[in-house]
file protein16.txt (compact mmCIF, C-alpha atoms)
# COMPACT_ATOMS: atom_id res chain seq x y z
CA GLY A 9 67.37 75.86 33.29
CA ILE A 10 68.10 73.33 36.01
CA ALA A 11 66.34 70.36 34.41
CA GLY A 12 68.79 68.47 32.25
CA GLY A 13 71.74 70.53 33.41
CA LYS A 14 75.07 69.02 34.35
CA LEU A 15 76.37 69.68 37.88
CA ASN A 16 80.17 69.75 38.10
CA VAL A 17 81.51 69.69 41.66
CA ALA A 18 85.02 68.96 42.94
CA VAL A 19 85.67 68.13 46.62
CA ILE A 20 88.66 67.42 48.83
CA SER A 21 89.10 63.79 49.80
CA ALA A 22 87.40 64.08 53.21
CA GLY A 23 84.21 65.15 51.45
CA ASP A 24 83.72 61.93 49.53
CA TYR A 25 82.44 60.23 52.71
CA TYR A 26 79.18 62.18 52.63
CA PHE A 27 79.06 64.34 49.50
CA PRO A 28 77.53 61.78 47.10
CA GLN A 29 74.47 61.63 49.39
CA LEU A 30 74.07 65.40 49.18
CA MET A 31 74.25 65.34 45.40
CA VAL A 32 71.70 62.54 45.19
CA ALA A 33 69.34 64.45 47.52
CA PHE A 34 69.65 67.49 45.26
CA ALA A 35 69.05 65.41 42.13
CA ARG A 36 65.86 63.98 43.65
CA GLN A 37 64.57 67.55 43.98
CA HIS A 38 65.56 68.28 40.37
CA PRO A 39 64.96 65.22 38.16
CA GLY A 40 67.02 65.15 34.99
CA VAL A 41 70.11 66.77 36.49
CA GLN A 42 73.37 65.04 35.55
CA LEU A 43 75.90 64.65 38.36
CA ASN A 44 79.67 64.90 37.97
CA LEU A 45 81.69 64.62 41.19
CA THR A 46 85.49 64.50 41.31
CA VAL A 47 87.64 64.01 44.42
CA HIS A 48 91.08 65.59 44.84
CA ASN A 49 93.75 66.56 47.30
CA ARG A 50 94.03 70.29 47.95
CA GLU A 51 96.65 71.01 45.29
CA GLU A 52 94.66 69.20 42.62
CA LEU A 53 91.44 70.92 43.68
CA LEU A 54 93.01 74.36 43.40
CA GLY A 55 94.19 73.36 39.93
CA GLU A 56 90.63 72.43 38.95
CA LEU A 57 89.43 75.86 40.05
CA ALA A 58 92.28 77.75 38.40
CA ALA A 59 91.77 75.92 35.08
CA ASN A 60 87.99 76.42 35.24
CA ARG A 61 87.38 72.66 35.05
CA THR A 62 84.75 72.68 37.80
CA ASP A 63 81.85 74.98 38.60
CA LEU A 64 81.96 74.53 42.38
CA ALA A 65 84.64 73.34 44.79
CA VAL A 66 84.08 72.12 48.35
CA MET A 67 86.98 72.46 50.76
CA VAL A 68 88.05 73.50 54.26
CA ARG A 69 90.35 76.36 53.30
CA PRO A 70 89.33 78.64 50.46
CA PRO A 71 92.27 79.65 48.28
CA GLY A 72 94.01 82.91 48.99
CA GLU A 73 95.70 83.01 45.60
CA LEU A 74 92.47 83.04 43.54
CA ASP A 75 89.65 85.58 43.50
CA THR A 76 86.83 83.36 44.77
CA GLN A 77 83.43 83.56 46.42
CA ASN A 78 83.63 81.44 49.59
CA ASP A 79 80.57 80.50 51.65
CA ALA A 80 80.61 78.32 54.77
CA PHE A 81 77.73 75.86 54.84
CA ALA A 82 78.52 73.33 57.61
CA PRO A 83 80.91 72.80 60.52
CA HIS A 84 83.81 70.42 59.98
CA PRO A 85 85.25 68.86 63.16
CA TYR A 86 88.69 67.28 63.37
CA VAL A 87 89.52 64.77 66.11
CA ILE A 88 92.36 62.61 67.42
CA VAL A 89 91.73 58.90 66.87
CA ALA A 90 93.39 55.78 68.24
CA ALA A 91 93.08 52.02 68.23
CA PRO A 92 90.88 50.84 71.13
CA ASP A 93 93.88 49.24 72.89
CA HIS A 94 96.08 52.35 72.67
CA PRO A 95 97.45 53.49 76.07
CA LEU A 96 95.56 56.80 75.78
CA ALA A 97 92.25 55.11 74.94
CA GLY A 98 91.44 53.94 78.45
CA GLY A 99 88.59 56.34 79.13
CA ARG A 100 90.73 59.18 80.47
CA ASP A 101 88.78 62.39 81.00
CA ARG A 102 90.98 64.94 79.25
CA ILE A 103 94.34 64.29 77.61
CA SER A 104 96.80 67.18 77.57
CA MET A 105 98.70 68.26 74.48
CA THR A 106 101.94 67.35 76.29
CA ASP A 107 100.72 63.78 76.81
CA LEU A 108 99.59 63.60 73.20
CA ILE A 109 102.79 64.62 71.49
CA GLY A 110 104.72 61.92 73.31
CA HIS A 111 103.07 59.31 71.08
CA PRO A 112 103.71 58.48 67.40
CA PHE A 113 101.33 59.86 64.75
CA VAL A 114 100.29 58.76 61.28
CA ILE A 115 99.66 61.94 59.31
CA ARG A 116 98.57 63.28 55.92
CA GLU A 117 101.16 64.82 53.61
CA PRO A 118 102.22 68.48 53.97
CA GLY A 119 100.08 70.75 51.78
CA SER A 120 96.88 68.75 52.25
CA ASP A 121 93.86 70.36 53.89
CA THR A 122 94.22 67.93 56.79
CA TRP A 123 97.85 68.91 57.29
CA PHE A 124 96.97 72.61 57.34
CA SER A 125 94.28 71.80 59.90
CA MET A 126 96.92 70.06 62.02
CA GLN A 127 98.87 73.31 61.92
CA ASP A 128 95.82 75.09 63.34
CA ALA A 129 95.42 72.49 66.06
CA PHE A 130 99.03 72.07 67.18
CA GLY A 131 100.55 75.44 66.32
CA PRO A 132 104.29 75.59 67.01
CA ARG A 133 104.12 72.18 68.70
CA LEU A 134 103.45 70.50 65.36
CA ASP A 135 107.23 70.18 64.88
CA GLN A 136 107.38 68.18 68.13
CA LEU A 137 105.16 65.39 66.85
CA LYS A 138 106.71 61.97 66.43
CA VAL A 139 105.73 61.10 62.86
CA ALA A 140 105.67 57.33 62.44
CA MET A 141 104.33 57.47 58.90
CA GLU A 142 103.18 60.03 56.31
CA ILE A 143 100.39 58.81 54.04
CA LYS A 144 98.37 60.50 51.27
CA SER A 145 95.28 58.34 51.76
CA THR A 146 92.79 58.85 54.59
CA GLU A 147 91.70 55.22 54.28
CA THR A 148 95.28 54.00 54.67
CA ILE A 149 95.81 56.28 57.67
CA LYS A 150 92.78 54.73 59.35
CA GLN A 151 94.10 51.23 58.74
CA ALA A 152 97.52 52.22 60.09
CA VAL A 153 95.95 53.62 63.26
CA ILE A 154 93.81 50.50 63.68
CA ALA A 155 96.98 48.41 63.33
CA GLY A 156 98.56 50.35 66.20
CA ILE A 157 101.22 52.24 64.27
CA GLY A 158 100.22 55.54 65.85
CA LEU A 159 97.54 58.12 66.54
CA GLY A 160 95.65 59.88 63.77
CA PHE A 161 94.38 63.40 63.21
CA LEU A 162 91.33 63.05 60.99
CA SER A 163 88.11 64.67 59.92
CA PHE A 164 85.30 63.33 62.07
CA HIS A 165 83.28 62.99 58.87
CA THR A 166 85.62 60.24 57.64
CA ILE A 167 85.45 57.78 60.56
CA ALA A 168 81.77 56.95 61.09
CA ARG A 169 82.10 53.32 59.98
CA GLU A 170 85.13 52.66 62.16
CA LEU A 171 83.54 54.22 65.23
CA ALA A 172 80.40 52.14 64.74
CA ALA A 173 82.50 48.98 64.36
CA GLY A 174 84.61 49.81 67.41
CA SER A 175 87.87 49.65 65.46
CA LEU A 176 88.70 53.32 66.22
CA VAL A 177 88.00 55.55 69.21
CA VAL A 178 88.02 59.33 69.52
CA LEU A 179 90.33 60.57 72.28
CA GLU A 180 89.20 63.28 74.69
CA VAL A 181 91.99 65.78 74.10
CA GLU A 182 92.18 69.33 75.41
CA GLY A 183 91.27 71.76 72.64
CA PHE A 184 89.48 69.14 70.52
CA PRO A 185 87.49 68.69 68.43
CA LEU A 186 89.02 71.37 66.26
CA MET A 187 86.00 73.04 64.66
CA LEU A 188 86.50 74.37 61.14
CA ASN A 189 83.99 74.77 58.31
CA TRP A 190 83.11 73.32 54.95
CA TYR A 191 83.08 75.97 52.22
CA VAL A 192 81.48 75.98 48.80
CA VAL A 193 83.77 77.97 46.52
CA HIS A 194 83.63 79.30 42.99
CA ARG A 195 85.64 81.81 40.98
CA ARG A 196 84.11 85.21 41.51
CA GLU A 197 84.06 86.16 37.84
CA LYS A 198 82.56 82.84 36.75
CA ARG A 199 78.97 82.90 35.55
CA LEU A 200 77.59 79.80 37.20
CA PRO A 201 75.16 77.64 35.24
CA PRO A 202 71.64 77.56 36.74
CA VAL A 203 72.15 74.04 38.11
CA ALA A 204 75.36 75.09 39.91
CA ARG A 205 73.65 78.17 41.38
CA ALA A 206 70.80 75.98 42.58
CA PHE A 207 73.16 73.44 44.16
CA ARG A 208 75.16 76.17 45.89
CA GLN A 209 71.93 77.47 47.44
CA PHE A 210 70.95 73.90 48.36
CA LEU A 211 74.21 73.54 50.31
CA LEU A 212 73.69 76.86 52.09
CA ASP A 213 70.08 76.04 52.97
CA GLU A 214 70.23 72.30 53.69
CA GLY A 215 73.85 71.13 53.74
CA ASN A 216 74.42 71.45 57.47
CA ALA A 217 71.25 69.59 58.48
CA ARG A 218 71.79 66.83 55.93
CA ILE A 219 75.39 66.22 56.98
CA ALA A 220 74.33 66.17 60.64
CA ALA A 221 71.70 63.55 59.80
CA LEU A 222 74.32 61.40 58.09
CA ILE A 223 77.14 61.96 60.58
CA PRO A 224 76.28 63.08 64.14
CA SER A 225 78.70 65.54 65.67
CA PRO A 226 81.42 64.38 68.12
CA GLY A 227 80.02 63.65 71.55
CA SER A 228 76.41 63.29 70.39

call {"tool": "encode", "arguments": {"input": "protein16.txt", "output": "structure tokens"}}
result
Amino acid sequence: GIAGGKLNVAVISAGDYYFPQLMVAFARQHPGVQLNLTVHNREELLGELAANRTDLAVMVRPPGELDTQNDAFAPHPYVIVAAPDHPLAGGRDRISMTDLIGHPFVIREPGSDTWFSMQDAFGPRLDQLKVAMEIKSTETIKQAVIAGIGLGFLSFHTIARELAAGSLVVLEVEGFPLMLNWYVVHRREKRLPPVARAFRQFLLDEGNARIAALIPSPGS
């Protein structure tokens, strides 16, 4: 049964900004559940799934190389962020892609979910970006953008504290926010424990509303 069961969930790094709250909310509905959350980059997360070391994985892009059940449970917006004193942060209505790619960027490493999302957003113009720095840590990217090293392409779900503090601003760029989805994923042949089945249903039923309560959408 669910009571006393152990919930094993692995998430990509952008998920650790809100996912602990979701797990705690679930545990309050099911006292006695043990929680095990691990955070990975995309390559590591796919390894966890392939090796059957996690029951559920939460990511933006379900794997094409594994036979998995993939269910979207919440929207996942990506935005362009800048330091408040950046030349593009002066309250301009809509910034064109041409204007944007003339400025340096601080980006995640190729192969990460964020990098693949940048491919979706920029298409063939991704190769035109001026990359000032490539960093594997979202937190370090935010600090680099705050310091004025360049613009950032980040999950909106990772920047709530900085927006509230006024240390980052979201730029109004044509075609943004890029709206993708959060997926809960498991190997199709895997027989999920009752607690994992219950948590998967919890995400499908309540995940979107609970994330929206924690992190309002861009422009709200």

call {"tool": "closest_residue", "arguments": {"input": "protein16.txt", "among": "A:Phe34, A:Ile154, A:Thr106, A:Met67", "to": "A:Thr122", "atoms": "all atoms listed in the file"}}
result
A:Met67

call {"tool": "residues_around", "arguments": {"input": "protein16.txt", "residues": "stretch 80-82 of chain A", "least_positions_apart": "2", "cutoff": "7 Å", "atoms": "all atoms listed in the file", "output": "PyMOL selection string"}}
result
chain A and resi 78+84+189-192+211-212+215-216

call {"tool": "residues_around", "arguments": {"input": "protein16.txt", "residues": "stretch 173-179 of chain A", "least_positions_apart": "4", "cutoff": "12 Å", "atoms": "only C-alpha atoms", "output": "mmCIF file with C-alpha atoms, in the frame of the given file"}}
result
data_model
loop_
_atom_site.group_PDB
_atom_site.id
_atom_site.type_symbol
_atom_site.label_atom_id
_atom_site.label_comp_id
_atom_site.auth_asym_id
_atom_site.auth_seq_id
_atom_site.Cartn_x
_atom_site.Cartn_y
_atom_site.Cartn_z
ATOM 1 C CA PRO A 85 85.250 68.860 63.160
ATOM 2 C CA TYR A 86 88.690 67.280 63.370
ATOM 3 C CA VAL A 87 89.520 64.770 66.110
ATOM 4 C CA ILE A 88 92.360 62.610 67.420
ATOM 5 C CA VAL A 89 91.730 58.900 66.870
ATOM 6 C CA ALA A 90 93.390 55.780 68.240
ATOM 7 C CA ALA A 91 93.080 52.020 68.230
ATOM 8 C CA PRO A 92 90.880 50.840 71.130
ATOM 9 C CA ASP A 93 93.880 49.240 72.890
ATOM 10 C CA HIS A 94 96.080 52.350 72.670
ATOM 11 C CA PRO A 95 97.450 53.490 76.070
ATOM 12 C CA LEU A 96 95.560 56.800 75.780
ATOM 13 C CA ALA A 97 92.250 55.110 74.940
ATOM 14 C CA GLY A 98 91.440 53.940 78.450
ATOM 15 C CA GLY A 99 88.590 56.340 79.130
ATOM 16 C CA ARG A 100 90.730 59.180 80.470
ATOM 17 C CA ASP A 101 88.780 62.390 81.000
ATOM 18 C CA ARG A 102 90.980 64.940 79.250
ATOM 19 C CA ILE A 103 94.340 64.290 77.610
ATOM 20 C CA SER A 104 96.800 67.180 77.570
ATOM 21 C CA MET A 105 98.700 68.260 74.480
ATOM 22 C CA ASP A 107 100.720 63.780 76.810
ATOM 23 C CA LEU A 108 99.590 63.600 73.200
ATOM 24 C CA ILE A 149 95.810 56.280 57.670
ATOM 25 C CA LYS A 150 92.780 54.730 59.350
ATOM 26 C CA GLN A 151 94.100 51.230 58.740
ATOM 27 C CA ALA A 152 97.520 52.220 60.090
ATOM 28 C CA VAL A 153 95.950 53.620 63.260
ATOM 29 C CA ILE A 154 93.810 50.500 63.680
ATOM 30 C CA ALA A 155 96.980 48.410 63.330
ATOM 31 C CA GLY A 156 98.560 50.350 66.200
ATOM 32 C CA GLY A 158 100.220 55.540 65.850
ATOM 33 C CA LEU A 159 97.540 58.120 66.540
ATOM 34 C CA GLY A 160 95.650 59.880 63.770
ATOM 35 C CA PHE A 161 94.380 63.400 63.210
ATOM 36 C CA LEU A 162 91.330 63.050 60.990
ATOM 37 C CA SER A 163 88.110 64.670 59.920
ATOM 38 C CA PHE A 164 85.300 63.330 62.070
ATOM 39 C CA THR A 166 85.620 60.240 57.640
ATOM 40 C CA ILE A 167 85.450 57.780 60.560
ATOM 41 C CA ALA A 168 81.770 56.950 61.090
ATOM 42 C CA ARG A 169 82.100 53.320 59.980
ATOM 43 C CA GLY A 183 91.270 71.760 72.640
ATOM 44 C CA PHE A 184 89.480 69.140 70.520
ATOM 45 C CA PRO A 185 87.490 68.690 68.430
ATOM 46 C CA SER A 225 78.700 65.540 65.670
ATOM 47 C CA PRO A 226 81.420 64.380 68.120
ATOM 48 C CA GLY A 227 80.020 63.650 71.550
#

call {"tool": "closest_residue", "arguments": {"input": "protein16.txt", "among": "A:Ile109, A:Ala11, A:Asp79, A:Arg116", "to": "A:Gln209", "atoms": "only C-alpha atoms"}}
result
A:Asp79

call {"tool": "atom_distance", "arguments": {"input": "protein16.txt", "atom1": "atom CA of A:Leu134", "atom2": "atom CA of A:Asn49"}}
result
20.9 Å

call {"tool": "residues_near_point", "arguments": {"input": "protein16.txt", "point": "(88.8, 88.8, 39.5)", "cutoff": "12 Å", "atoms": "all atoms listed in the file", "output": "PyMOL selection string"}}
result
chain A and resi 58+73-77+194-198

call {"tool": "closest_residue", "arguments": {"input": "protein16.txt", "among": "A:Thr146, A:Leu64, A:Lys138, A:Leu43", "to": "A:His165", "atoms": "only C-alpha atoms"}}
result
A:Thr146

call {"tool": "atom_distance", "arguments": {"input": "protein16.txt", "atom1": "atom CA of A:Glu147", "atom2": "atom CA of A:Ala59"}}
result
28.2 Å

call {"tool": "closest_residue", "arguments": {"input": "protein16.txt", "among": "A:Pro224, A:Arg69, A:Pro202, A:Gln42", "to": "A:Ala172", "atoms": "only C-alpha atoms"}}
result
A:Pro224

call {"tool": "atom_distance", "arguments": {"input": "protein16.txt", "atom1": "atom CA of A:Leu15", "atom2": "atom CA of A:Trp123"}}
result
29.0 Å

call {"tool": "residues_around", "arguments": {"input": "protein16.txt", "residues": "A:Val47", "least_positions_apart": "3", "cutoff": "7 Å", "atoms": "all atoms listed in the file", "output": "PyMOL selection string"}}
result
chain A and resi 18-21+24

call {"tool": "write_last_selection", "arguments": {"input": "protein16.txt", "atoms": "C-alpha atoms", "output": "PDB file, in the frame of the given file"}}
result
ATOM      1  CA  ALA A  18      85.020  68.960  42.940  1.00  0.00           C
ATOM      2  CA  VAL A  19      85.670  68.130  46.620  1.00  0.00           C
ATOM      3  CA  ILE A  20      88.660  67.420  48.830  1.00  0.00           C
ATOM      4  CA  SER A  21      89.100  63.790  49.800  1.00  0.00           C
ATOM      5  CA  ASP A  24      83.720  61.930  49.530  1.00  0.00           C
TER       6      ASP A  24
END

call {"tool": "closest_residue", "arguments": {"input": "protein16.txt", "among": "A:Arg50, A:His38, A:Lys144, A:Lys14", "to": "A:Thr62", "atoms": "all atoms listed in the file"}}
result
A:Lys14

call {"tool": "closest_residue", "arguments": {"input": "protein16.txt", "among": "A:Arg218, A:Val68, A:Leu188, A:His48", "to": "A:Pro83", "atoms": "only C-alpha atoms"}}
result
A:Leu188

call {"tool": "residues_around", "arguments": {"input": "protein16.txt", "residues": "A:Tyr26", "least_positions_apart": "3", "cutoff": "10 Å", "atoms": "all atoms listed in the file", "output": "JSON, numbers by chain"}}
result
{"A": [22, 23, 29, 30, 31, 165, 166, 218, 219, 222, 223]}

call {"tool": "build_atoms", "arguments": {"input": "protein16.txt", "residues": "stretch 190-201 of chain A", "atoms": "all heavy atoms", "output": "PDB file, in the coordinates of the input"}}
result
ATOM      1  N   TRP A 190      83.146  73.650  56.370  1.00  0.00           N
ATOM      2  CA  TRP A 190      83.110  73.320  54.950  1.00  0.00           C
ATOM      3  C   TRP A 190      82.695  74.570  54.188  1.00  0.00           C
ATOM      4  O   TRP A 190      81.762  75.261  54.586  1.00  0.00           O
ATOM      5  CB  TRP A 190      82.101  72.213  54.670  1.00  0.00           C
ATOM      6  CG  TRP A 190      82.525  70.853  55.103  1.00  0.00           C
ATOM      7  CD1 TRP A 190      82.052  70.141  56.178  1.00  0.00           C
ATOM      8  CD2 TRP A 190      83.480  70.013  54.471  1.00  0.00           C
ATOM      9  NE1 TRP A 190      82.674  68.924  56.254  1.00  0.00           N
ATOM     10  CE2 TRP A 190      83.558  68.820  55.216  1.00  0.00           C
ATOM     11  CE3 TRP A 190      84.297  70.161  53.355  1.00  0.00           C
ATOM     12  CZ2 TRP A 190      84.401  67.771  54.873  1.00  0.00           C
ATOM     13  CZ3 TRP A 190      85.145  69.123  53.011  1.00  0.00           C
ATOM     14  CH2 TRP A 190      85.188  67.938  53.764  1.00  0.00           C
ATOM     15  N   TYR A 191      83.391  74.831  53.081  1.00  0.00           N
ATOM     16  CA  TYR A 191      83.080  75.970  52.220  1.00  0.00           C
ATOM     17  C   TYR A 191      82.714  75.494  50.825  1.00  0.00           C
ATOM     18  O   TYR A 191      83.333  74.555  50.302  1.00  0.00           O
ATOM     19  CB  TYR A 191      84.277  76.906  52.101  1.00  0.00           C
ATOM     20  CG  TYR A 191      84.552  77.742  53.319  1.00  0.00           C
ATOM     21  CD1 TYR A 191      85.330  77.242  54.358  1.00  0.00           C
ATOM     22  CD2 TYR A 191      84.046  79.044  53.430  1.00  0.00           C
ATOM     23  CE1 TYR A 191      85.598  78.011  55.483  1.00  0.00           C
ATOM     24  CE2 TYR A 191      84.309  79.814  54.551  1.00  0.00           C
ATOM     25  CZ  TYR A 191      85.082  79.293  55.565  1.00  0.00           C
ATOM     26  OH  TYR A 191      85.342  80.055  56.678  1.00  0.00           O
ATOM     27  N   VAL A 192      81.729  76.146  50.234  1.00  0.00           N
ATOM     28  CA  VAL A 192      81.480  75.980  48.800  1.00  0.00           C
ATOM     29  C   VAL A 192      82.084  77.208  48.122  1.00  0.00           C
ATOM     30  O   VAL A 192      81.848  78.350  48.518  1.00  0.00           O
ATOM     31  CB  VAL A 192      79.977  75.822  48.482  1.00  0.00           C
ATOM     32  CG1 VAL A 192      79.148  76.979  49.007  1.00  0.00           C
ATOM     33  CG2 VAL A 192      79.779  75.622  46.985  1.00  0.00           C
ATOM     34  N   VAL A 193      82.907  76.941  47.111  1.00  0.00           N
ATOM     35  CA  VAL A 193      83.770  77.970  46.520  1.00  0.00           C
ATOM     36  C   VAL A 193      83.577  77.979  45.008  1.00  0.00           C
ATOM     37  O   VAL A 193      83.450  76.928  44.376  1.00  0.00           O
ATOM     38  CB  VAL A 193      85.250  77.657  46.864  1.00  0.00           C
ATOM     39  CG1 VAL A 193      86.191  78.633  46.178  1.00  0.00           C
ATOM     40  CG2 VAL A 193      85.465  77.659  48.376  1.00  0.00           C
ATOM     41  N   HIS A 194      83.563  79.188  44.445  1.00  0.00           N
ATOM     42  CA  HIS A 194      83.630  79.300  42.990  1.00  0.00           C
ATOM     43  C   HIS A 194      84.378  80.573  42.621  1.00  0.00           C
ATOM     44  O   HIS A 194      84.478  81.508  43.432  1.00  0.00           O
ATOM     45  CB  HIS A 194      82.234  79.288  42.349  1.00  0.00           C
ATOM     46  CG  HIS A 194      81.379  80.470  42.711  1.00  0.00           C
ATOM     47  ND1 HIS A 194      81.412  81.665  42.020  1.00  0.00           N
ATOM     48  CD2 HIS A 194      80.469  80.642  43.697  1.00  0.00           C
ATOM     49  CE1 HIS A 194      80.551  82.510  42.559  1.00  0.00           C
ATOM     50  NE2 HIS A 194      79.971  81.923  43.568  1.00  0.00           N
ATOM     51  N   ARG A 195      84.934  80.607  41.434  1.00  0.00           N
ATOM     52  CA  ARG A 195      85.640  81.810  40.980  1.00  0.00           C
ATOM     53  C   ARG A 195      84.655  82.954  40.866  1.00  0.00           C
ATOM     54  O   ARG A 195      83.564  82.803  40.316  1.00  0.00           O
ATOM     55  CB  ARG A 195      86.344  81.530  39.666  1.00  0.00           C
ATOM     56  CG  ARG A 195      87.449  80.494  39.798  1.00  0.00           C
ATOM     57  CD  ARG A 195      88.216  80.282  38.530  1.00  0.00           C
ATOM     58  NE  ARG A 195      88.901  81.516  38.124  1.00  0.00           N
ATOM     59  CZ  ARG A 195      89.872  81.546  37.200  1.00  0.00           C
ATOM     60  NH1 ARG A 195      90.280  80.418  36.643  1.00  0.00           N
ATOM     61  NH2 ARG A 195      90.439  82.675  36.867  1.00  0.00           N
ATOM     62  N   ARG A 196      85.041  84.104  41.387  1.00  0.00           N
ATOM     63  CA  ARG A 196      84.110  85.210  41.510  1.00  0.00           C
ATOM     64  C   ARG A 196      83.608  85.693  40.144  1.00  0.00           C
ATOM     65  O   ARG A 196      82.447  86.084  40.001  1.00  0.00           O
ATOM     66  CB  ARG A 196      84.764  86.373  42.265  1.00  0.00           C
ATOM     67  CG  ARG A 196      83.782  87.397  42.805  1.00  0.00           C
ATOM     68  CD  ARG A 196      84.490  88.490  43.565  1.00  0.00           C
ATOM     69  NE  ARG A 196      85.266  87.974  44.686  1.00  0.00           N
ATOM     70  CZ  ARG A 196      84.741  87.740  45.892  1.00  0.00           C
ATOM     71  NH1 ARG A 196      83.460  87.945  46.112  1.00  0.00           N
ATOM     72  NH2 ARG A 196      85.512  87.286  46.867  1.00  0.00           N
ATOM     73  N   GLU A 197      84.469  85.648  39.148  1.00  0.00           N
ATOM     74  CA  GLU A 197      84.060  86.160  37.840  1.00  0.00           C
ATOM     75  C   GLU A 197      83.284  85.127  37.023  1.00  0.00           C
ATOM     76  O   GLU A 197      82.750  85.428  35.958  1.00  0.00           O
ATOM     77  CB  GLU A 197      85.284  86.640  37.049  1.00  0.00           C
ATOM     78  CG  GLU A 197      86.108  85.543  36.384  1.00  0.00           C
ATOM     79  CD  GLU A 197      87.094  84.869  37.329  1.00  0.00           C
ATOM     80  OE1 GLU A 197      87.048  85.168  38.554  1.00  0.00           O
ATOM     81  OE2 GLU A 197      87.909  84.052  36.869  1.00  0.00           O
ATOM     82  N   LYS A 198      83.203  83.892  37.523  1.00  0.00           N
ATOM     83  CA  LYS A 198      82.560  82.840  36.750  1.00  0.00           C
ATOM     84  C   LYS A 198      81.035  82.994  36.780  1.00  0.00           C
ATOM     85  O   LYS A 198      80.438  83.197  37.842  1.00  0.00           O
ATOM     86  CB  LYS A 198      82.932  81.465  37.315  1.00  0.00           C
ATOM     87  CG  LYS A 198      82.358  80.294  36.522  1.00  0.00           C
ATOM     88  CD  LYS A 198      82.821  78.969  37.101  1.00  0.00           C
ATOM     89  CE  LYS A 198      82.261  77.786  36.333  1.00  0.00           C
ATOM     90  NZ  LYS A 198      82.765  77.736  34.951  1.00  0.00           N
ATOM     91  N   ARG A 199      80.431  82.895  35.636  1.00  0.00           N
ATOM     92  CA  ARG A 199      78.970  82.900  35.550  1.00  0.00           C
ATOM     93  C   ARG A 199      78.488  81.466  35.725  1.00  0.00           C
ATOM     94  O   ARG A 199      78.591  80.644  34.812  1.00  0.00           O
ATOM     95  CB  ARG A 199      78.510  83.460  34.207  1.00  0.00           C
ATOM     96  CG  ARG A 199      76.997  83.594  34.100  1.00  0.00           C
ATOM     97  CD  ARG A 199      76.596  84.219  32.778  1.00  0.00           C
ATOM     98  NE  ARG A 199      75.144  84.330  32.681  1.00  0.00           N
ATOM     99  CZ  ARG A 199      74.517  84.810  31.623  1.00  0.00           C
ATOM    100  NH1 ARG A 199      75.208  85.220  30.557  1.00  0.00           N
ATOM    101  NH2 ARG A 199      73.197  84.879  31.606  1.00  0.00           N
ATOM    102  N   LEU A 200      77.981  81.172  36.894  1.00  0.00           N
ATOM    103  CA  LEU A 200      77.590  79.800  37.200  1.00  0.00           C
ATOM    104  C   LEU A 200      76.370  79.386  36.388  1.00  0.00           C
ATOM    105  O   LEU A 200      75.408  80.157  36.253  1.00  0.00           O
ATOM    106  CB  LEU A 200      77.270  79.653  38.690  1.00  0.00           C
ATOM    107  CG  LEU A 200      78.428  79.772  39.670  1.00  0.00           C
ATOM    108  CD1 LEU A 200      77.905  79.696  41.107  1.00  0.00           C
ATOM    109  CD2 LEU A 200      79.472  78.687  39.441  1.00  0.00           C
ATOM    110  N   PRO A 201      76.369  78.154  35.880  1.00  0.00           N
ATOM    111  CA  PRO A 201      75.160  77.640  35.240  1.00  0.00           C
ATOM    112  C   PRO A 201      74.020  77.575  36.257  1.00  0.00           C
ATOM    113  O   PRO A 201      74.257  77.482  37.468  1.00  0.00           O
ATOM    114  CB  PRO A 201      75.569  76.234  34.780  1.00  0.00           C
ATOM    115  CG  PRO A 201      77.065  76.226  34.798  1.00  0.00           C
ATOM    116  CD  PRO A 201      77.479  77.187  35.853  1.00  0.00           C
TER     117      PRO A 201
END
